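Data file: entry-v3.cif. Format and content: mmCIF, C-alpha atoms.
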data_work
#
loop_
_atom_site.label_atom_id
_atom_site.label_comp_id
_atom_site.auth_asym_id
_atom_site.auth_seq_id
_atom_site.Cartn_x
_atom_site.Cartn_y
_atom_site.Cartn_z
CA MET E 12 134.64 109.70 112.98
CA LYS E 13 131.51 108.55 111.14
CA GLN E 14 130.43 104.98 111.72
CA ALA E 15 128.49 102.54 109.55
CA ILE E 16 127.52 98.90 109.50
CA ALA E 17 128.30 97.25 106.16
CA ASP E 18 126.80 94.08 104.74
CA THR E 19 128.60 91.62 102.49
CA SER E 20 127.36 93.03 99.19
CA ALA E 21 128.35 96.58 100.13
CA LEU E 22 131.85 95.52 101.18
CA VAL E 23 132.40 93.63 97.93
CA SER E 24 131.21 96.69 95.97
CA LEU E 25 133.55 98.97 97.93
CA ALA E 26 136.49 96.61 97.34
CA PHE E 27 135.68 96.86 93.62
CA SER E 28 135.78 100.66 93.87
CA GLY E 29 139.44 100.44 94.94
CA ARG E 30 138.74 102.84 97.86
CA LEU E 31 137.97 100.48 100.70
CA GLU E 32 141.23 101.04 102.54
CA GLU E 33 140.76 104.82 102.49
CA ILE E 34 137.16 104.39 103.59
CA CYS E 35 138.31 102.30 106.56
CA LYS E 36 140.70 105.09 107.59
CA ALA E 37 138.08 107.83 107.23
CA MET E 38 135.14 106.06 108.85
CA ALA E 39 134.57 103.18 111.23
CA LEU E 40 133.12 100.16 109.45
CA LEU E 41 131.53 97.56 111.71
CA ILE E 42 130.33 94.11 110.68
CA PRO E 43 128.64 91.18 112.39
CA LEU E 44 130.32 87.76 112.35
CA GLN E 45 127.95 86.42 109.68
CA VAL E 46 129.28 88.96 107.15
CA LYS E 47 132.80 87.62 107.69
CA LYS E 48 131.50 84.07 107.17
CA GLU E 49 129.79 85.10 103.92
CA LEU E 50 132.99 86.78 102.71
CA GLU E 51 134.95 83.62 103.49
CA GLU E 52 132.49 81.61 101.38
CA ILE E 53 132.81 84.06 98.47
CA ALA E 54 136.61 84.05 98.80
CA GLU E 55 136.67 80.30 98.12
CA ARG E 56 135.30 80.81 94.62
CA ASN E 57 137.41 81.53 91.60
CA ASP E 58 136.11 84.85 90.25
CA ALA E 59 136.46 88.62 90.61
CA LYS E 60 134.14 88.66 93.64
CA ALA E 61 136.47 86.20 95.37
CA SER E 62 139.42 88.59 94.95
CA ALA E 63 137.29 91.44 96.32
CA ALA E 64 136.21 89.30 99.29
CA LYS E 65 139.85 88.39 100.03
CA MET E 66 140.72 92.08 100.05
CA VAL E 67 137.95 92.75 102.59
CA LEU E 68 139.01 89.77 104.73
CA GLU E 69 142.54 91.18 104.87
CA LEU E 70 141.15 94.45 106.25
CA ILE E 71 139.16 92.50 108.83
CA LYS E 72 142.29 90.52 109.78
CA THR E 73 144.28 93.70 110.31
CA GLY E 74 141.50 95.24 112.38
CA LYS E 75 140.65 97.99 109.91
CA ILE E 76 137.11 96.63 109.73
CA THR E 77 135.74 95.68 113.14
CA ILE E 78 133.69 92.59 113.93
CA LYS E 79 131.10 93.13 116.65
CA ASN E 80 129.12 90.45 118.43
CA ILE E 81 125.35 90.42 118.44
CA ALA E 82 123.96 90.41 121.97
CA GLU E 83 120.38 89.37 121.17
CA LYS E 84 120.60 86.57 118.62
CA ASN E 85 116.90 85.69 118.93
CA LYS E 86 116.04 89.08 117.42
CA VAL E 87 118.09 88.16 114.35
CA GLN E 88 116.00 85.00 113.90
CA ASN E 89 112.84 87.08 114.00
CA LEU E 90 114.10 89.31 111.19
CA LEU E 91 114.85 86.47 108.78
CA GLY E 92 112.49 86.28 105.83
CA LYS E 93 112.09 85.75 102.11
CA ASP E 94 114.17 88.83 101.31
CA ILE E 95 116.31 89.11 104.44
CA ASP E 96 119.13 86.63 104.91
CA PHE E 97 121.18 85.97 108.03
CA GLY E 98 123.91 88.50 107.21
CA GLU E 99 121.47 91.32 106.52
CA ALA E 100 119.44 90.49 109.64
CA GLU E 101 122.62 90.56 111.77
CA CYS E 102 123.61 93.91 110.21
CA PHE E 103 120.28 95.43 111.17
CA GLU E 104 120.40 94.08 114.73
CA LEU E 105 124.01 95.23 115.08
CA ALA E 106 123.07 98.75 113.95
CA PHE E 107 120.32 98.76 116.58
CA GLU E 108 122.56 97.44 119.37
CA GLN E 109 125.52 99.68 118.53
CA LYS E 110 123.24 102.70 117.99
CA THR E 111 124.80 103.10 114.56
CA LYS E 112 122.72 105.33 112.35
CA THR E 113 123.79 104.04 108.93
CA ILE E 114 123.76 100.63 107.25
CA LEU E 115 125.47 100.19 103.90
CA MET E 116 123.55 97.61 101.89
CA ASP E 117 123.43 96.97 98.15
CA ASP E 118 120.74 94.30 98.17
CA LEU E 119 117.57 96.07 97.06
CA ASP E 120 115.13 93.40 98.26
CA ALA E 121 116.71 93.24 101.72
CA SER E 122 116.97 96.99 102.18
CA TYR E 123 113.35 97.42 101.06
CA ALA E 124 112.22 94.69 103.46
CA LEU E 125 114.11 96.37 106.33
CA ALA E 126 113.16 99.95 105.42
CA GLY E 127 110.11 100.27 107.70
CA MET E 128 111.92 98.94 110.77
CA ALA E 129 114.97 101.05 109.96
CA ARG E 130 112.84 104.20 109.74
CA ALA E 131 111.24 103.37 113.10
CA GLN E 132 114.71 103.14 114.68
CA SER E 133 116.04 106.24 112.85
CA ILE E 134 118.54 104.07 110.99
CA SER E 135 119.39 105.15 107.43
CA ILE E 136 119.97 102.54 104.79
CA ARG E 137 122.43 103.72 102.14
CA ILE E 138 123.94 102.05 99.11
CA SER E 139 127.70 101.41 99.19
CA ALA E 140 128.35 104.37 96.87
CA ALA E 141 127.60 106.60 99.88
CA ALA E 142 130.96 105.68 101.43
CA VAL E 143 132.83 106.79 98.30
CA ILE E 144 130.78 110.00 98.19
CA GLU E 145 131.69 110.53 101.86
CA LEU E 146 135.40 110.36 100.97
CA ALA E 147 134.83 113.12 98.42
CA LYS E 148 132.76 115.14 100.92
CA GLN E 149 135.62 114.90 103.43
CA LYS E 150 137.98 115.97 100.61
CA ILE E 151 140.07 112.81 101.02
CA ILE E 152 139.63 112.19 97.30
CA SER E 153 138.58 114.59 94.57
CA LYS E 154 135.19 114.47 92.84
CA THR E 155 136.93 113.19 89.71
CA GLU E 156 138.53 110.37 91.68
CA ALA E 157 135.20 109.54 93.31
CA LYS E 158 133.50 109.37 89.93
CA LYS E 159 136.25 107.13 88.56
CA SER E 160 135.96 104.81 91.58
CA LEU E 161 132.18 104.59 91.29
CA LEU E 162 132.41 103.84 87.59
CA LYS E 163 134.95 101.11 88.38
CA MET E 164 132.55 99.70 90.97
CA ILE E 165 129.55 99.59 88.65
CA GLN E 166 131.64 98.08 85.87
CA HIS E 167 132.81 95.22 88.11
CA ARG E 168 129.29 94.77 89.44
CA GLY E 169 127.71 94.76 85.97
CA TRP E 170 125.57 97.76 86.94
CA GLU E 171 126.18 99.74 83.77
CA LYS E 172 123.11 101.42 82.23
CA THR E 173 121.33 101.39 85.56
CA THR E 174 120.02 104.12 87.86
CA LEU E 175 123.45 104.19 89.49
CA GLU E 176 125.20 105.10 86.27
CA TYR E 177 122.63 107.84 85.72
CA LEU E 178 123.19 109.20 89.25
CA ILE E 179 126.96 109.24 88.73
CA GLN E 180 126.42 111.37 85.64
CA LYS E 181 123.86 113.55 87.46
CA TYR E 182 126.05 114.30 90.46
CA PHE E 183 129.49 114.37 88.86
CA ASP E 184 129.10 115.81 85.35
CA MET W 8 119.18 63.88 87.86
CA ILE W 9 119.44 66.22 84.90
CA VAL W 10 122.52 66.93 82.87
CA VAL W 11 123.18 70.57 82.07
CA ARG W 12 126.13 70.61 79.70
CA SER W 13 128.85 68.91 81.70
CA GLU W 14 127.41 69.70 85.10
CA VAL W 15 124.93 67.49 86.92
CA VAL W 16 122.26 69.06 89.14
CA THR W 17 119.81 67.20 91.35
CA VAL W 18 116.24 68.51 91.12
CA ARG W 19 113.33 67.19 93.18
CA PHE W 20 109.76 67.04 91.87
CA ASP W 21 106.65 65.60 93.45
CA SER W 22 104.93 62.73 91.63
CA LYS W 23 102.32 65.01 90.00
CA GLU W 24 105.01 67.32 88.58
CA ARG W 25 107.09 64.36 87.48
CA LYS W 26 104.05 62.91 85.67
CA GLU W 27 103.47 66.22 83.86
CA ILE W 28 107.12 66.37 82.80
CA ASP W 29 106.87 62.80 81.55
CA GLU W 30 103.71 63.62 79.55
CA VAL W 31 105.40 66.58 77.85
CA ALA W 32 108.52 64.51 77.19
CA GLN W 33 106.49 61.76 75.54
CA LYS W 34 104.50 64.25 73.48
CA LYS W 35 107.69 65.97 72.31
CA MET W 36 109.56 62.70 71.94
CA ALA W 37 112.28 64.08 74.16
CA SER W 38 113.88 62.90 77.36
CA GLN W 39 112.68 64.26 80.69
CA SER W 40 116.04 65.93 81.23
CA GLU W 41 115.73 67.71 77.87
CA VAL W 42 112.29 69.02 78.86
CA ILE W 43 113.55 70.21 82.26
CA ARG W 44 116.64 71.80 80.73
CA LYS W 45 114.60 73.64 78.09
CA ALA W 46 112.05 74.84 80.67
CA THR W 47 114.86 76.09 82.91
CA LEU W 48 116.54 77.97 80.07
CA ILE W 49 113.23 79.58 79.00
CA TYR W 50 112.64 80.65 82.62
CA LEU W 51 116.13 82.10 82.96
CA GLN W 52 115.78 84.02 79.69
CA LYS W 53 112.41 85.40 80.80
CA GLU W 54 113.84 86.48 84.15
CA LYS W 55 116.72 88.23 82.37
CA GLU W 56 114.29 90.10 80.14
CA ILE W 57 112.10 91.12 83.09
CA ASP W 58 115.20 92.39 84.91
CA GLU W 59 116.18 94.37 81.82
CA ILE W 60 112.70 95.95 81.64
CA LYS W 61 112.83 96.80 85.37
CA ARG W 62 116.28 98.32 84.88
CA ILE W 63 115.12 100.53 81.98
CA VAL W 64 111.95 101.62 83.78
CA ALA W 65 113.84 102.43 87.01
CA HIS W 66 116.33 104.46 84.98
CA ARG W 67 113.53 106.48 83.33
CA PHE W 68 111.85 107.00 86.71
CA ALA W 69 115.11 108.25 88.26
CA GLN W 70 115.49 110.66 85.33
CA GLY W 71 111.98 111.98 86.01
CA LYS W 72 110.85 110.89 82.56
CA ILE W 73 108.05 108.73 83.90
CA SER W 74 105.85 109.28 86.94
CA PHE W 75 105.13 106.91 89.80
CA ASP W 76 101.69 106.26 88.26
CA ASP W 77 103.34 105.21 85.01
CA LEU W 78 105.68 103.02 87.00
CA VAL W 79 102.70 101.32 88.65
CA ARG W 80 101.11 100.73 85.26
CA ILE W 81 104.26 98.99 84.03
CA LEU W 82 105.53 97.17 87.11
CA GLY W 83 102.53 96.92 89.42
CA TYR W 84 102.21 98.66 92.78
CA GLU W 85 104.52 96.57 94.97
CA GLU W 86 107.40 96.48 92.49
CA SER W 87 106.98 100.22 91.86
CA LYS W 88 107.19 100.98 95.57
CA LYS W 89 110.42 99.00 95.70
CA THR W 90 111.83 100.82 92.67
CA ALA W 91 110.88 104.21 94.08
CA PHE W 92 112.48 103.25 97.39
CA PHE W 93 115.71 102.28 95.63
CA VAL W 94 115.84 105.52 93.63
CA GLU W 95 115.22 107.56 96.80
CA THR W 96 117.88 105.62 98.76
CA ALA W 97 120.42 105.95 95.95
CA GLU W 98 119.69 109.69 95.55
CA LYS W 99 120.17 110.25 99.31
CA SER W 100 123.41 108.27 99.20
CA PHE W 101 124.71 110.53 96.43
CA GLN W 102 123.46 113.74 98.05
CA GLU W 103 124.52 113.11 101.64
CA GLY W 104 127.19 110.41 101.69
CA LEU W 105 127.08 108.65 105.05
#
Rewrite the structure from the file as structure tokens, please.
Amino acid sequence: MKQAIADTSALVSLAFSGRLEEICKAMALLIPLQVKKELEEIAERNDAKASAAKMVLELIKTGKITIKNIAEKNKVQNLLGKDIDFGEAECFELAFEQKTKTILMDDLDASYALAGMARAQSISIRISAAAVIELAKQKIISKTEAKKSLLKMIQHRGWEKTTLEYLIQKYFD
Amino acid sequence: MIVVRSEVVTVRFDSKERKEIDEVAQKKMASQSEVIRKATLIYLQKEKEIDEIKRIVAHRFAQGKISFDDLVRILGYEESKKTAFFVETAEKSFQEGL
């Protein structure tokens, strides 16, 4: 089973896609504790992201998304910076400690800031859409269903008319 | 304290900044909170427009309609590197999945 670390933004996006439960069955999603804390904060709000966060928290509660502890917390502190927050830093350290080769991250600034270190550790940073594509690659959902889910995701995220919408057209039409 | 519609936000300024705000407020015959509110709204609008430009340019770059050099001319080198990185990451995500 494929394994990936997911940050808060990626999990919210995947909840918006409506495929998170299937993703959790098809691949092992691991998160650090900080991601759960961030989701709990989002869940307290009163908007669409809060509903998405609640959905993710339910999957964490039922053990479909696994929380893993960070062994070397001082390394997380060293990663923090202008573009890297606590959750993203913990995700990177967790990927390193768990020898996980993929991090799902939708924050462009953070993924760009982590890119050099990720490359050095042979860790791939992917956008959340990769998990939906993976479902289609494993033939768990059809290409049409994947496209529909990705369009749903970008609509909820307000990412219409972006590179993502273009890539959906490029790879699915 | 400034009042933004019905919500109150606390903003801290040093004495030099506060003096400058006061000078503009006096010149414009407006309150300091009106000056701060207007400045904030202008900034937010500008940021929105910059984001829109970045979005359009990244889209054109992903489509192969503009080169990296063109991107640099529009966005500057650092921002272009970030845009190119995003397009490459997104492409890989679509091509390979996890």
Within 10 Å of chain E: residues of chain W, using all atoms listed in the file, as JSON, numbers by chain: {"W": [59, 61, 62, 63, 64, 65, 66, 67, 68, 69, 70, 88, 89, 90, 92, 93, 94, 95, 96, 97, 98, 99, 100, 101, 102, 103, 104, 105]}
Contacts of segment 79-90 of chain E at 7 Å (all atoms listed in the file; same-chain gap of 4+ positions) as a PyMOL selection string: chain E and resi 41-44+100-101+104-105
Picked residues, the PyMOL selection byres ((chain W and resi 43-48) around 12), expected as a PyMOL selection string: chain W and resi 8-12+14-20+24-25+27-29+31-32+35+37-42+49-55
Who sits within 12 Å of segment 54-62 of chain E, only C-alpha atoms, same chain under 3 positions skipped, as a ChimeraX atom specification: /E:19-27,29,47-51,65-69,164,166-169
For atom CA of Asp18 of chain E and atom CA of Phe103 of chain E, the interatomic separation in Å (one decimal): 9.3 Å
